[in-house]
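Text of the file start-v7.pdb, holding PDB, C-alpha atoms:
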```pdb
MODEL        1
ATOM      1  CA  LEU L1126       6.440 -22.780  52.842
ATOM      2  CA  ASP L1127       4.659 -20.205  50.712
ATOM      3  CA  LEU L1128       5.065 -20.295  46.929
ATOM      4  CA  ALA L1129       7.498 -17.358  46.808
ATOM      5  CA  THR L1130       9.806 -18.898  49.390
ATOM      6  CA  ALA L1131       9.558 -22.280  47.724
ATOM      7  CA  ALA L1132      10.487 -20.787  44.363
ATOM      8  CA  ALA L1133      13.455 -18.978  45.880
ATOM      9  CA  THR L1134      14.777 -22.094  47.583
ATOM     10  CA  GLY L1135      14.029 -24.537  44.799
ATOM     11  CA  THR L1136      11.391 -26.385  46.818
ATOM     12  CA  VAL L1137       8.766 -25.586  44.214
ATOM     13  CA  PHE L1138      10.666 -27.777  41.711
ATOM     14  CA  SER L1139       9.522 -30.863  43.602
ATOM     15  CA  PHE L1140       6.044 -30.296  42.170
ATOM     16  CA  VAL L1141       7.137 -30.465  38.500
ATOM     17  CA  SER L1142       8.530 -33.221  36.325
ATOM     18  CA  PRO L1143      12.325 -33.822  36.303
ATOM     19  CA  PRO L1144      12.813 -32.832  32.592
ATOM     20  CA  PHE L1145      11.000 -29.524  33.083
ATOM     21  CA  ARG L1146      12.928 -28.911  36.320
ATOM     22  CA  GLU L1147      16.276 -29.523  34.589
ATOM     23  CA  ALA L1148      15.485 -27.298  31.577
ATOM     24  CA  THR L1149      14.291 -24.471  33.793
ATOM     25  CA  HIS L1150      17.395 -24.706  35.946
ATOM     26  CA  ARG L1151      19.698 -24.463  32.896
ATOM     27  CA  HIS L1152      17.807 -21.390  31.593
ATOM     28  CA  CYS L1153      18.067 -19.623  34.947
ATOM     29  CA  MET L1154      21.787 -20.359  35.209
ATOM     30  CA  ARG L1155      22.390 -18.839  31.742
ATOM     31  CA  ALA L1156      20.367 -15.744  32.648
ATOM     32  CA  ASP L1157      22.330 -15.304  35.869
ATOM     33  CA  ARG L1158      25.579 -15.184  33.928
ATOM     34  CA  LEU L1159      24.413 -12.225  31.764
ATOM     35  CA  PRO L1160      25.765  -8.956  33.215
ATOM     36  CA  ALA L1161      23.064  -6.381  33.863
ATOM     37  CA  ALA L1162      23.772  -2.959  32.335
ATOM     38  CA  PRO L1163      23.961  -0.227  34.984
ATOM     39  CA  GLU L1164      21.075   2.226  34.897
ATOM     40  CA  HIS L1165      23.324   5.180  34.035
ATOM     41  CA  GLU L1166      24.828   3.165  31.132
ATOM     42  CA  MET L1167      21.364   2.476  29.681
ATOM     43  CA  SER L1168      20.482   6.169  29.944
ATOM     44  CA  ARG L1169      23.695   7.112  28.149
ATOM     45  CA  ARG L1170      22.999   4.641  25.330
ATOM     46  CA  SER L1171      19.475   5.965  24.919
ATOM     47  CA  ALA L1172      20.765   9.532  24.731
ATOM     48  CA  ILE L1173      23.348   8.559  22.096
ATOM     49  CA  LEU L1174      20.755   6.758  19.961
ATOM     50  CA  LEU L1175      18.362   9.699  20.211
ATOM     51  CA  SER L1176      21.112  12.132  19.189
ATOM     52  CA  ILE L1177      22.059   9.975  16.201
ATOM     53  CA  GLY L1178      18.418   9.861  15.106
ATOM     54  CA  ILE L1179      18.007  13.626  15.331
ATOM     55  CA  ILE L1180      21.262  14.373  13.505
ATOM     56  CA  SER L1181      20.529  11.791  10.778
ATOM     57  CA  GLY L1182      17.081  13.240  10.186
ATOM     58  CA  ALA L1183      18.497  16.740   9.876
ATOM     59  CA  LEU L1184      21.223  15.619   7.462
ATOM     60  CA  VAL L1185      18.759  13.757   5.239
ATOM     61  CA  ALA L1186      16.555  16.850   5.081
ATOM     62  CA  VAL L1187      19.424  19.024   3.904
ATOM     63  CA  ASP L1188      19.731  19.562   0.172
ATOM     64  CA  THR L1189      23.263  20.689  -0.590
ATOM     65  CA  SER L1190      22.191  22.628  -3.666
ATOM     66  CA  SER L1191      19.968  24.884  -1.558
ATOM     67  CA  MET L1192      21.764  24.954   1.810
ATOM     68  CA  PHE L1193      22.083  28.685   1.468
ATOM     69  CA  ALA L1194      19.380  31.041   0.287
ATOM     70  CA  GLN L1195      19.066  31.270  -3.484
ATOM     71  CA  LYS L1196      17.923  34.354  -5.275
ATOM     72  CA  GLN L1197      14.192  34.350  -5.985
ATOM     73  CA  PHE L1198      13.666  33.109  -9.542
ATOM     74  CA  ASP L1199      10.377  34.405 -10.899
ATOM     75  CA  THR L1200      10.594  32.736 -14.312
ATOM     76  CA  ALA L1201      12.603  30.051 -16.079
ATOM     77  CA  ALA L1202      14.533  32.764 -17.920
ATOM     78  CA  GLU L1203      15.981  34.012 -14.602
ATOM     79  CA  ILE L1204      17.584  30.685 -13.693
ATOM     80  CA  PRO L1205      21.341  31.046 -14.307
ATOM     81  CA  ARG L1206      22.837  28.983 -17.079
ATOM     82  CA  SER L1207      25.487  27.769 -14.621
ATOM     83  CA  LEU L1208      22.783  26.210 -12.400
ATOM     84  CA  LEU L1209      21.313  24.418 -15.409
ATOM     85  CA  LYS L1210      24.723  23.251 -16.576
ATOM     86  CA  SER L1211      25.600  21.848 -13.153
ATOM     87  CA  HIS L1212      22.172  20.162 -12.894
ATOM     88  CA  GLY L1213      21.482  21.964  -9.645
ATOM     89  CA  SER L1214      18.128  21.768  -7.891
ATOM     90  CA  ILE L1215      15.445  24.212  -6.865
ATOM     91  CA  TYR L1216      12.253  23.811  -4.853
ATOM     92  CA  GLY L1217       8.888  25.301  -5.650
ATOM     93  CA  LYS L1218       5.190  25.134  -4.935
ATOM     94  CA  VAL L1219       3.074  23.705  -7.749
ATOM     95  CA  VAL L1220       0.564  26.427  -8.572
ATOM     96  CA  LYS L1221      -0.693  25.068 -11.899
ATOM     97  CA  VAL L1222      -0.783  21.755 -13.740
ATOM     98  CA  THR L1223      -0.722  22.701 -17.420
ATOM     99  CA  ASP L1224      -1.017  19.153 -18.774
ATOM    100  CA  GLY L1225       0.317  15.673 -18.119
ATOM    101  CA  ASP L1226       4.000  16.589 -18.391
ATOM    102  CA  THR L1227       4.152  20.330 -17.679
ATOM    103  CA  ILE L1228       3.586  22.310 -14.478
ATOM    104  CA  ARG L1229       4.147  25.809 -13.154
ATOM    105  CA  ILE L1230       5.888  26.326  -9.826
ATOM    106  CA  ARG L1231       6.449  29.348  -7.613
ATOM    107  CA  HIS L1232      10.102  29.196  -6.603
ATOM    108  CA  ALA L1233      10.696  28.568  -2.887
ATOM    109  CA  PRO L1234      14.311  29.573  -2.146
ATOM    110  CA  GLY L1235      16.355  27.630   0.388
ATOM    111  CA  GLY L1236      18.169  28.963   3.449
ATOM    112  CA  LEU L1237      18.580  27.730   6.998
ATOM    113  CA  ARG L1238      14.924  26.654   7.072
ATOM    114  CA  SER L1239      15.830  24.037   4.454
ATOM    115  CA  ILE L1240      17.975  22.177   7.010
ATOM    116  CA  PHE L1241      14.759  21.092   8.703
ATOM    117  CA  GLY L1242      12.898  20.497   5.445
ATOM    118  CA  ARG L1243      10.660  23.522   6.015
ATOM    119  CA  ARG L1244       9.902  25.605   2.956
ATOM    120  CA  ASP L1245       7.259  27.877   1.582
ATOM    121  CA  ALA L1246       6.831  29.871  -1.599
ATOM    122  CA  PRO L1247       6.466  33.653  -1.285
ATOM    123  CA  GLY L1248       3.290  35.241  -2.575
ATOM    124  CA  TYR L1249       3.150  37.511  -5.589
ATOM    125  CA  ARG L1250       0.972  39.987  -7.428
ATOM    126  CA  GLY L1251       0.575  40.081 -11.158
ATOM    127  CA  LYS L1252       0.489  37.614 -14.008
ATOM    128  CA  LEU L1253       1.087  33.925 -13.384
ATOM    129  CA  SER L1254       3.463  33.776 -16.352
ATOM    130  CA  GLU L1255       5.641  36.536 -14.845
ATOM    131  CA  HIS L1256       6.006  34.997 -11.384
ATOM    132  CA  THR L1257       6.161  31.237 -11.963
ATOM    133  CA  ILE L1258       8.561  28.791 -13.594
ATOM    134  CA  SER L1259       7.246  26.485 -16.308
ATOM    135  CA  VAL L1260       8.699  23.004 -15.826
ATOM    136  CA  ARG L1261       8.611  20.188 -18.378
ATOM    137  CA  PHE L1262       9.083  16.651 -17.006
ATOM    138  CA  TYR L1263      12.224  14.986 -18.314
ATOM    139  CA  GLY L1264      12.260  11.789 -20.383
ATOM    140  CA  VAL L1265       8.577  11.347 -21.250
ATOM    141  CA  ASP L1266       5.766  12.580 -23.463
ATOM    142  CA  ALA L1267       2.237  12.658 -22.023
ATOM    143  CA  PRO L1268      -0.888  12.773 -24.233
ATOM    144  CA  GLU L1269      -1.641  16.271 -25.512
ATOM    145  CA  THR L1270      -4.616  18.233 -24.188
ATOM    146  CA  ALA L1271      -6.831  20.282 -26.523
ATOM    147  CA  LYS L1272      -5.138  23.515 -27.532
ATOM    148  CA  PHE L1273      -4.849  25.834 -30.511
ATOM    149  CA  GLY L1274      -8.105  24.399 -31.838
ATOM    150  CA  ASN L1275      -6.693  20.863 -31.953
ATOM    151  CA  PRO L1276      -8.508  17.936 -30.280
ATOM    152  CA  ALA L1277      -7.257  16.304 -27.091
ATOM    153  CA  MET L1278      -5.583  12.918 -27.235
ATOM    154  CA  PRO L1279      -7.104   9.957 -25.385
ATOM    155  CA  PHE L1280      -6.029   9.924 -21.728
ATOM    156  CA  ALA L1281      -4.721  13.503 -21.915
ATOM    157  CA  TYR L1282      -6.908  14.671 -19.050
ATOM    158  CA  GLU L1283      -6.420  11.475 -17.055
ATOM    159  CA  ALA L1284      -2.670  12.148 -17.163
ATOM    160  CA  LYS L1285      -3.237  15.753 -16.115
ATOM    161  CA  ASP L1286      -5.488  14.645 -13.251
ATOM    162  CA  LEU L1287      -2.870  12.142 -12.049
ATOM    163  CA  VAL L1288      -0.279  14.897 -11.828
ATOM    164  CA  ALA L1289      -2.703  17.278 -10.106
ATOM    165  CA  GLU L1290      -3.702  14.668  -7.519
ATOM    166  CA  SER L1291      -0.043  13.911  -6.805
ATOM    167  CA  ILE L1292       1.571  17.347  -6.540
ATOM    168  CA  ALA L1293      -0.855  20.280  -6.970
ATOM    169  CA  GLY L1294      -0.353  22.802  -4.174
ATOM    170  CA  ARG L1295       2.678  20.932  -2.790
ATOM    171  CA  ILE L1296       6.381  21.719  -2.620
ATOM    172  CA  VAL L1297       8.418  19.749  -5.169
ATOM    173  CA  LYS L1298      12.100  19.401  -5.865
ATOM    174  CA  VAL L1299      13.218  20.051  -9.446
ATOM    175  CA  LYS L1300      16.596  18.835 -10.677
ATOM    176  CA  LEU L1301      17.438  21.143 -13.569
ATOM    177  CA  PHE L1302      18.689  19.965 -16.957
ATOM    178  CA  SER L1303      18.052  22.577 -19.637
ATOM    179  CA  ARG L1304      15.657  25.090 -21.160
ATOM    180  CA  ASP L1305      13.639  23.949 -24.158
ATOM    181  CA  GLN L1306      12.536  25.837 -27.261
ATOM    182  CA  TYR L1307       9.400  27.040 -25.473
ATOM    183  CA  GLY L1308      11.326  28.620 -22.607
ATOM    184  CA  ARG L1309      10.415  25.891 -20.128
ATOM    185  CA  VAL L1310      12.860  24.272 -17.738
ATOM    186  CA  VAL L1311      13.326  20.562 -18.412
ATOM    187  CA  GLY L1312      13.712  18.878 -15.052
ATOM    188  CA  LYS L1313      13.276  15.908 -12.775
ATOM    189  CA  VAL L1314      10.266  16.655 -10.580
ATOM    190  CA  GLN L1315      10.202  14.790  -7.271
ATOM    191  CA  ILE L1316       7.836  14.771  -4.316
ATOM    192  CA  ARG L1317       8.420  13.386  -0.846
ATOM    193  CA  ARG L1318       6.105  10.516   0.047
ATOM    194  CA  SER L1319       3.744  10.831   2.968
ATOM    195  CA  ALA L1320       4.801   8.769   5.988
ATOM    196  CA  PHE L1321       3.034   7.685   9.160
ATOM    197  CA  LEU L1322       6.055   8.676  11.304
ATOM    198  CA  PRO L1323       7.402  12.266  11.351
ATOM    199  CA  GLY L1324      10.757  12.448   9.596
ATOM    200  CA  LEU L1325      10.347   9.065   7.898
ATOM    201  CA  LYS L1326       9.462  10.753   4.618
ATOM    202  CA  TYR L1327      13.037  12.106   4.485
ATOM    203  CA  VAL L1328      14.392   8.553   4.571
ATOM    204  CA  LEU L1329      12.045   7.040   1.981
ATOM    205  CA  PRO L1330      13.046   7.654  -1.654
ATOM    206  CA  PRO L1331      11.012  10.448  -3.261
ATOM    207  CA  THR L1332       8.499   9.846  -6.049
ATOM    208  CA  ASP L1333       9.807  10.712  -9.522
ATOM    209  CA  MET L1334       6.858  12.086 -11.521
ATOM    210  CA  THR L1335       8.367  10.834 -14.782
ATOM    211  CA  VAL L1336       8.423   7.255 -13.498
ATOM    212  CA  LEU L1337       4.943   7.611 -11.963
ATOM    213  CA  LEU L1338       3.460   8.693 -15.302
ATOM    214  CA  SER L1339       5.295   5.897 -17.111
ATOM    215  CA  GLU L1340       4.150   3.068 -14.834
ATOM    216  CA  SER L1341       0.586   4.428 -14.862
ATOM    217  CA  GLY L1342       0.398   4.157 -18.650
ATOM    218  CA  MET L1343       0.137   7.913 -19.049
ATOM    219  CA  ALA L1344       3.280   8.610 -21.076
ATOM    220  CA  THR L1345       5.639   7.367 -23.769
ATOM    221  CA  LEU L1346       9.410   7.724 -23.881
ATOM    222  CA  TYR L1347      10.490  11.132 -25.202
ATOM    223  CA  THR L1348      13.115  10.725 -27.914
ATOM    224  CA  GLY L1349      13.026  14.183 -29.489
ATOM    225  CA  GLY L1350      15.774  16.764 -29.621
ATOM    226  CA  GLY L1351      17.494  17.500 -26.326
ATOM    227  CA  ALA L1352      16.059  14.398 -24.634
ATOM    228  CA  GLN L1353      17.250  14.021 -21.044
ATOM    229  CA  TYR L1354      17.072  10.824 -18.985
ATOM    230  CA  ASP L1355      19.339  11.474 -15.965
ATOM    231  CA  GLY L1356      20.686   7.932 -16.341
ATOM    232  CA  ASN L1357      17.163   6.531 -15.955
ATOM    233  CA  ARG L1358      16.242   5.649 -19.532
ATOM    234  CA  GLU L1359      16.182   1.903 -18.813
ATOM    235  CA  LYS L1360      14.092   2.482 -15.678
ATOM    236  CA  ILE L1361      11.586   4.607 -17.610
ATOM    237  CA  GLU L1362      11.370   2.057 -20.439
ATOM    238  CA  SER L1363      10.818  -0.745 -17.901
ATOM    239  CA  ALA L1364       8.011   1.249 -16.258
ATOM    240  CA  ILE L1365       6.342   1.798 -19.637
ATOM    241  CA  ALA L1366       6.699  -1.920 -20.463
ATOM    242  CA  ARG L1367       5.010  -2.857 -17.163
ATOM    243  CA  ALA L1368       2.118  -0.510 -17.934
ATOM    244  CA  GLN L1369       1.739  -2.128 -21.358
ATOM    245  CA  ARG L1370       1.677  -5.645 -19.923
ATOM    246  CA  ARG L1371      -0.870  -4.613 -17.310
ATOM    247  CA  LYS L1372      -2.957  -2.691 -19.876
ATOM    248  CA  ARG L1373      -2.898   0.565 -17.990
ATOM    249  CA  GLY L1374      -3.848   3.973 -19.311
ATOM    250  CA  MET L1375      -2.932   4.446 -22.954
ATOM    251  CA  TRP L1376      -2.281   0.723 -23.240
ATOM    252  CA  THR L1377      -5.784  -0.439 -22.243
ATOM    253  CA  GLN L1378      -6.111  -2.410 -25.472
ATOM    254  CA  GLY L1379      -2.685  -3.967 -25.098
ATOM    255  CA  LYS L1380       0.792  -2.979 -26.247
ATOM    256  CA  ASP L1381       0.272  -4.415 -29.743
ATOM    257  CA  THR L1382      -2.686  -2.135 -30.452
ATOM    258  CA  LYS L1383      -1.671   0.735 -32.711
ATOM    259  CA  ILE L1384      -2.122   4.087 -30.986
ATOM    260  CA  MET L1385      -1.093   7.593 -31.937
ATOM    261  CA  THR L1386       1.812   8.603 -29.725
ATOM    262  CA  PRO L1387       2.256  12.179 -28.494
ATOM    263  CA  ALA L1388       5.207  12.529 -30.877
ATOM    264  CA  GLU L1389       3.036  11.470 -33.837
ATOM    265  CA  TYR L1390       0.248  13.789 -32.677
ATOM    266  CA  LYS L1391       2.632  16.754 -32.602
ATOM    267  CA  ARG L1392       3.888  15.965 -36.088
ATOM    268  CA  LYS L1393       0.314  15.819 -37.352
ATOM    269  CA  TYR L1394      -0.746  19.039 -35.616
ATOM    270  CA  LYS L1395       2.578  20.792 -35.844
ATOM    271  CA  ARG L1396       2.677  23.875 -33.653
TER     272      ARG L1396
ENDMDL
END
```

Please express what this file holds, its structure, as structure tokens.
Amino acid sequence: LDLATAAATGTVFSFVSPPFREATHRHCMRADRLPAAPEHEMSRRSAILLSIGIISGALVAVDTSSMFAQKQFDTAAEIPRSLLKSHGSIYGKVVKVTDGDTIRIRHAPGGLRSIFGRRDAPGYRGKLSEHTISVRFYGVDAPETAKFGNPAMPFAYEAKDLVAESIAGRIVKVKLFSRDQYGRVVGKVQIRRSAFLPGLKYVLPPTDMTVLLSESGMATLYTGGGAQYDGNREKIESAIARAQRRKRGMWTQGKDTKIMTPAEYKRKYKR
């Protein structure tokens, strides 16, 4: 007998030990009892799974606040009060990082393209201030850069660089809260994380720039008038506490070292 015939007839088992022969026999008997899925059934299951994946990806990419095309908002003043009051969201391309907690975006309205997560900001001619929206990050105060003849705070430009490296030139989502006394929109700025698989970035939670600054030691909690936290005050405070323990950024010398906070700086050099 050849080996194939012997295996088929069980003759080959005479060459192995009885325990091995018995265990192998039991395994084969269990496998024989498992019903094999018909080929057309496997194809149907694969098609269903693929459809679910495609539909899920499309649904995750949809942002209900911008399902339909918004009007082009050139400045913060053009954003309707109703959209601020309802804490709606807009998308925009970051065209300037002013400092550690303020950016300028060119509004990128939604529309059907938003269903597939595809957006772009229209071009413009003229002054930056007349065609972009100034956005102030909610919940935090970053060190002040030099302006109006006043000196920069320590880590002011490190905070600005962190923001630039994270979102400059990219499309961000801004959840709107209010307009401040300087005409800026106060909002939650989020960026989708890069992912090694297409579509995976729509499943992963986005990066909240407020939390990123906090855990990097580049901001303190903002407690001034009109402070907004979007229910995340505890999360922001925890991120700041971690940065202090790890001696990051402003807290390089430890949390017990007395430093001038951005709020104290602004009181000293009142605008």

Which residues come within 12 Å of L:Pro1279, counting only C-alpha atoms, excluding same-chain residues fewer than 6 positions away, as a PyMOL selection string?
chain L and resi 1225+1267-1271+1285+1342-1344+1374-1377+1384-1387+1390

As lines of an AutoDock Vina configuration file, please: the centre and edge lengths in Å, to one decimal, of an axis-aligned box enclosing every listed atom of stretch 1272-1281 of chain L with 5 Å added on each side.
```
center_x = -6.6
center_y = 17.9
center_z = -26.8
size_x = 13.8
size_y = 25.9
size_z = 20.2
```

Starting from the PyMOL selection byres ((chain L and resi 1332) around 9), expand the selection into actual residues of this file and give them as a PyMOL selection string.
chain L and resi 1314-1318+1330-1331+1333-1337

Report the distance between atom CA of L:Asp1305 and atom CA of L:Gln1369 in Å, rounded to one decimal place.
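Atom CA of L:Asp1305 sits 28.8 Å away from atom CA of L:Gln1369.
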
Taking the file as shown, find all residues satisfying the PyMOL selection byres ((chain L and resi 1258) around 6) and write them as an mmCIF file with C-alpha atoms, in the frame of the given file.
```
data_model
loop_
_atom_site.group_PDB
_atom_site.id
_atom_site.type_symbol
_atom_site.label_atom_id
_atom_site.label_comp_id
_atom_site.auth_asym_id
_atom_site.auth_seq_id
_atom_site.Cartn_x
_atom_site.Cartn_y
_atom_site.Cartn_z
ATOM 1 C CA THR L 1200 10.594 32.736 -14.312
ATOM 2 C CA ALA L 1201 12.603 30.051 -16.079
ATOM 3 C CA ARG L 1229 4.147 25.809 -13.154
ATOM 4 C CA ILE L 1230 5.888 26.326 -9.826
ATOM 5 C CA THR L 1257 6.161 31.237 -11.963
ATOM 6 C CA SER L 1259 7.246 26.485 -16.308
#
```

What separates atom CA of L:Leu1287 and atom CA of L:Asp1224 is a distance of 9.9 Å

For L:Val1265, which residue out of L:Lys1313, L:His1212, L:Lys1300, L:Lys1395 is the nearest one, using all atoms listed in the file?
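Nearest candidate to L:Val1265 out of L:Lys1313, L:His1212, L:Lys1300, L:Lys1395: L:Lys1313.
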
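Here atom CA of L:Asp1266 stands at a distance of 6.1 Å from atom CA of L:Leu1346.
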
Pick the closest to L:Ala1202 from L:Arg1231, L:Arg1309, L:Arg1261, L:Arg1250: which is it, counting all atoms listed in the file?
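The answer is L:Arg1309, which sits nearest to L:Ala1202.
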
Taking into account all atoms listed in the file, which residue in the set L:Asp1381, L:Ser1341, L:Asp1199, L:Gly1312 is nearest to L:Lys1252?
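The shortest atom-to-atom distance to L:Lys1252 comes from L:Asp1199.
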
Care to translate the PyMOL selection byres ((chain L and resi 1264) around 6) into actual residues of this file, as a list in words?
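What the PyMOL selection byres ((chain L and resi 1264) around 6) grabs from the file is Tyr1263, Val1265, Tyr1347, Gln1353 and Tyr1354 of chain L.
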
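Using all atoms listed in the file, the shortest contact distance between L:Val1311 and any of L:Arg1371, L:Lys1393, L:Lys1210, L:Lys1360 is found at L:Lys1210.
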
List the spatial neighbours of L:Glu1362 as a list in words - criterion: any atom at most 9 Å away, only C-alpha atoms, same-chain residues fewer than 5 positions off excluded.
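Surrounding residues, per the criterion: Ser1339, Thr1345, Leu1346, Asn1357 and Arg1367 of chain L.
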
Rank L:Ser1363, L:Val1219, L:Phe1198, L:Ser1211 by their smallest atom-to-atom distance to L:Gly1294, using all atoms listed in the file, and report the top residue only.
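Ranking L:Ser1363, L:Val1219, L:Phe1198, L:Ser1211 by distance to L:Gly1294, first place goes to L:Val1219.
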
Incomplete stretch 1205-1219 of chain L filled out to N, CA, C and O atoms as a compact mmCIF listing (two decimals), keeping the file's coordinate frame:
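What ended up in part.txt:
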```txt
# COMPACT_ATOMS: atom_id res chain seq x y z
N PRO L 1205 20.03 30.92 -13.68
CA PRO L 1205 21.34 31.05 -14.31
C PRO L 1205 21.71 29.83 -15.14
O PRO L 1205 21.39 28.70 -14.77
N ARG L 1206 22.39 30.08 -16.22
CA ARG L 1206 22.84 28.98 -17.08
C ARG L 1206 23.77 28.04 -16.32
O ARG L 1206 23.77 26.82 -16.55
N SER L 1207 24.55 28.59 -15.40
CA SER L 1207 25.49 27.77 -14.62
C SER L 1207 24.74 26.75 -13.76
O SER L 1207 25.21 25.63 -13.57
N LEU L 1208 23.57 27.13 -13.22
CA LEU L 1208 22.78 26.21 -12.40
C LEU L 1208 22.19 25.10 -13.26
O LEU L 1208 22.10 23.95 -12.82
N LEU L 1209 21.81 25.44 -14.49
CA LEU L 1209 21.31 24.42 -15.41
C LEU L 1209 22.44 23.47 -15.82
O LEU L 1209 22.26 22.25 -15.86
N LYS L 1210 23.59 24.05 -16.11
CA LYS L 1210 24.72 23.25 -16.58
C LYS L 1210 25.21 22.28 -15.51
O LYS L 1210 25.62 21.15 -15.80
N SER L 1211 25.15 22.70 -14.25
CA SER L 1211 25.60 21.85 -13.15
C SER L 1211 24.51 20.89 -12.66
O SER L 1211 24.73 20.11 -11.74
N HIS L 1212 23.32 20.98 -13.29
CA HIS L 1212 22.17 20.16 -12.89
C HIS L 1212 21.84 20.36 -11.41
O HIS L 1212 21.57 19.40 -10.68
N GLY L 1213 21.86 21.63 -11.01
CA GLY L 1213 21.48 21.96 -9.64
C GLY L 1213 19.99 21.77 -9.44
O GLY L 1213 19.24 21.48 -10.39
N SER L 1214 19.54 21.98 -8.22
CA SER L 1214 18.13 21.77 -7.89
C SER L 1214 17.51 23.02 -7.29
O SER L 1214 18.19 23.82 -6.65
N ILE L 1215 16.23 23.17 -7.51
CA ILE L 1215 15.44 24.21 -6.86
C ILE L 1215 14.19 23.56 -6.30
O ILE L 1215 13.84 22.43 -6.67
N TYR L 1216 13.53 24.26 -5.39
CA TYR L 1216 12.25 23.81 -4.85
C TYR L 1216 11.19 24.84 -5.22
O TYR L 1216 11.48 26.03 -5.40
N GLY L 1217 9.97 24.37 -5.34
CA GLY L 1217 8.89 25.30 -5.65
C GLY L 1217 7.53 24.69 -5.35
O GLY L 1217 7.38 23.47 -5.27
N LYS L 1218 6.56 25.57 -5.18
CA LYS L 1218 5.19 25.13 -4.93
C LYS L 1218 4.45 25.04 -6.26
O LYS L 1218 4.48 25.97 -7.08
N VAL L 1219 3.80 23.91 -6.49
CA VAL L 1219 3.07 23.70 -7.75
C VAL L 1219 1.79 24.53 -7.71
O VAL L 1219 0.90 24.27 -6.91
```
